[in-house]
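Chemist: My questions all concern the structure below.
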Amino acid sequence: DTAVSQTPKYLVTQMGNDKSIKCEQNLGHDTMYWYKQDSKKFLKIMFSYNNKELIINETVPNRFSPKSPDKAHLNLHINSLELGDSAVYFCASSPSGRQAYGYTFGSGTRLTVV
Amino acid sequence: QKEVEQDPGPLSVPEGAIVSLNCTYSNSAFQYFMWYRQYSRKGPELLMYTYSSGNKEDGRFTAQVDKSSKYISLFIRDSQPSDSATYLCAMSGAGNNRKLIWGLGTSLAVNP
């Protein structure tokens with residue numbers, strides 16, 4: 001069974017389009033995250049939700065909007081895509097009280113903006 | 001200066017070698033120290049974590065934390081080709097909703 005699943009795995013789209021990435025976890029975790037990994041492999045946190053409440057909102061363009069309909073789901077919508085948005089986006093989750101180390105990552109969504 | 005520094009490599013070793021991977025950090029408030037392994041086209045997976053200073057061993061892997069030097073290490077004994085991956089260190093302070101600070105990752109290739 002997949003613990004943290006993201007869809008789609010690959011996304012190729014043109015500049016200016018709007019796209020969404022979905023994430024679901026079946027681990028019963030309370031906290032979910034979106035990370036961006038650039039071509040140099042650097043992992044940068046974008047957002048974190050705890051029980052549907054936004055708790056981390058890094059300096060991310062407001063074209064990126066997360067939505068958490070329930071604690072098992074965290075989606076990411078991106079408006080007006082730009083070339084610099086090309087990266088791998090990872091969803092992760094962790095249980096309460098183990099936020100420091102109990103991360104489980106999804107396999108990533110490879111976004112290419114052309 | 002970045003909060004966490006990690007040499008990206010790449011590091012190439014023969015099978016059976018002992019591998020040493022390291023990170024340095026500047027924030028003395030960090031209490032939790034983690035090593036994640038990331039295979040190509042996969043998400044990072046937690047390999048080991050240590051709270052505060054000391055050593056932790058798990059099979060062929062040993063994690064060390066030296067808070068006085070702000071230096072952490074991961075040792076891999078009897079390295080195998082299946083250990084070929086990118087190894088990322090991550091650390092955080094204590095408290096609620098603590099954020100992980102990540103190293104750049106070190107790319108390791110173990111050659112048969």
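Each chain of the structure tokens is named A, B, ... in the order shown, its residues numbered from 1; ligands are numbered from 1 in display order.
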Which neighbours of region 31-45 of chain A fall inside 6 Å, counting only C-alpha atoms, when residues of the same chain fewer than 5 positions from it are skipped, and could you give them as a PDB file with N, CA and C atoms, in the first residue's frame?

Modeler:
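For reference, out-v5.pdb as written:
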```pdb
ATOM      1  N   ASN A  50      -1.165  21.452   9.531  1.00  0.00           N
ATOM      2  CA  ASN A  50      -1.411  20.555  10.647  1.00  0.00           C
ATOM      3  C   ASN A  50      -2.905  20.505  10.893  1.00  0.00           C
ATOM      4  N   ALA A  87      10.587  21.813 -11.596  1.00  0.00           N
ATOM      5  CA  ALA A  87      11.257  21.188 -10.435  1.00  0.00           C
ATOM      6  C   ALA A  87      10.508  19.904 -10.114  1.00  0.00           C
ATOM      7  N   VAL A  88      10.993  19.221  -9.089  1.00  0.00           N
ATOM      8  CA  VAL A  88      10.238  18.085  -8.559  1.00  0.00           C
ATOM      9  C   VAL A  88       9.574  18.555  -7.267  1.00  0.00           C
ATOM     10  N   TYR A  89       8.286  18.330  -7.158  1.00  0.00           N
ATOM     11  CA  TYR A  89       7.527  18.737  -5.979  1.00  0.00           C
ATOM     12  C   TYR A  89       7.197  17.484  -5.167  1.00  0.00           C
ATOM     13  N   PHE A  90       7.597  17.515  -3.903  1.00  0.00           N
ATOM     14  CA  PHE A  90       7.363  16.386  -3.014  1.00  0.00           C
ATOM     15  C   PHE A  90       6.337  16.750  -1.961  1.00  0.00           C
ATOM     16  N   CYS A  91       5.438  15.834  -1.751  1.00  0.00           N
ATOM     17  CA  CYS A  91       4.523  15.905  -0.630  1.00  0.00           C
ATOM     18  C   CYS A  91       5.097  15.004   0.474  1.00  0.00           C
ATOM     19  N   ALA A  92       4.910  15.390   1.715  1.00  0.00           N
ATOM     20  CA  ALA A  92       5.372  14.567   2.838  1.00  0.00           C
ATOM     21  C   ALA A  92       4.363  14.690   3.973  1.00  0.00           C
ATOM     22  N   SER A  93       4.437  13.755   4.896  1.00  0.00           N
ATOM     23  CA  SER A  93       3.577  13.826   6.076  1.00  0.00           C
ATOM     24  C   SER A  93       4.358  13.359   7.292  1.00  0.00           C
ATOM     25  N   SER A  94       3.893  13.766   8.459  1.00  0.00           N
ATOM     26  CA  SER A  94       4.501  13.319   9.710  1.00  0.00           C
ATOM     27  C   SER A  94       3.447  13.302  10.802  1.00  0.00           C
TER      28      SER A  94
ATOM     29  N   LEU B 104      22.403  20.079   1.185  1.00  0.00           N
ATOM     30  CA  LEU B 104      22.233  19.942  -0.263  1.00  0.00           C
ATOM     31  C   LEU B 104      22.182  18.495  -0.712  1.00  0.00           C
TER      32      LEU B 104
END
```

Chemist: Quick check: residues of chain B within 12 Å of chain A, only C-alpha atoms, returned as a ChimeraX atom specification.

Modeler: /B:4-6,8-9,30-51,85-107

Chemist: So which residues of chain A fall under strand (DSSP E) by DSSP, listed as a ChimeraX atom specification?

Modeler: /A:4-7,10-13,19-25,31-37,43-50,53-57,64-70,73-78,87-94,104-105,109-113

Chemist: So how many Å separate CA of Arg77 (chain B) and CA of Gly59 (chain B), to one decimal?

Modeler: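 It comes out at 8.7 Å.
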
Chemist: Using only C-alpha atoms for the distances, tell me which of A:Val60, A:Leu54, A:Leu111, A:Ala3 is nearest to Ser20 (chain A).

Modeler: A:Leu111

Chemist: Could you state the separation of CA of Ser80 (chain A) and CA of Val114 (chain A) in Å, given to one decimal place?

Modeler: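 Going from CA of Ser80 (chain A) over to CA of Val114 (chain A), I get 12.3 Å.
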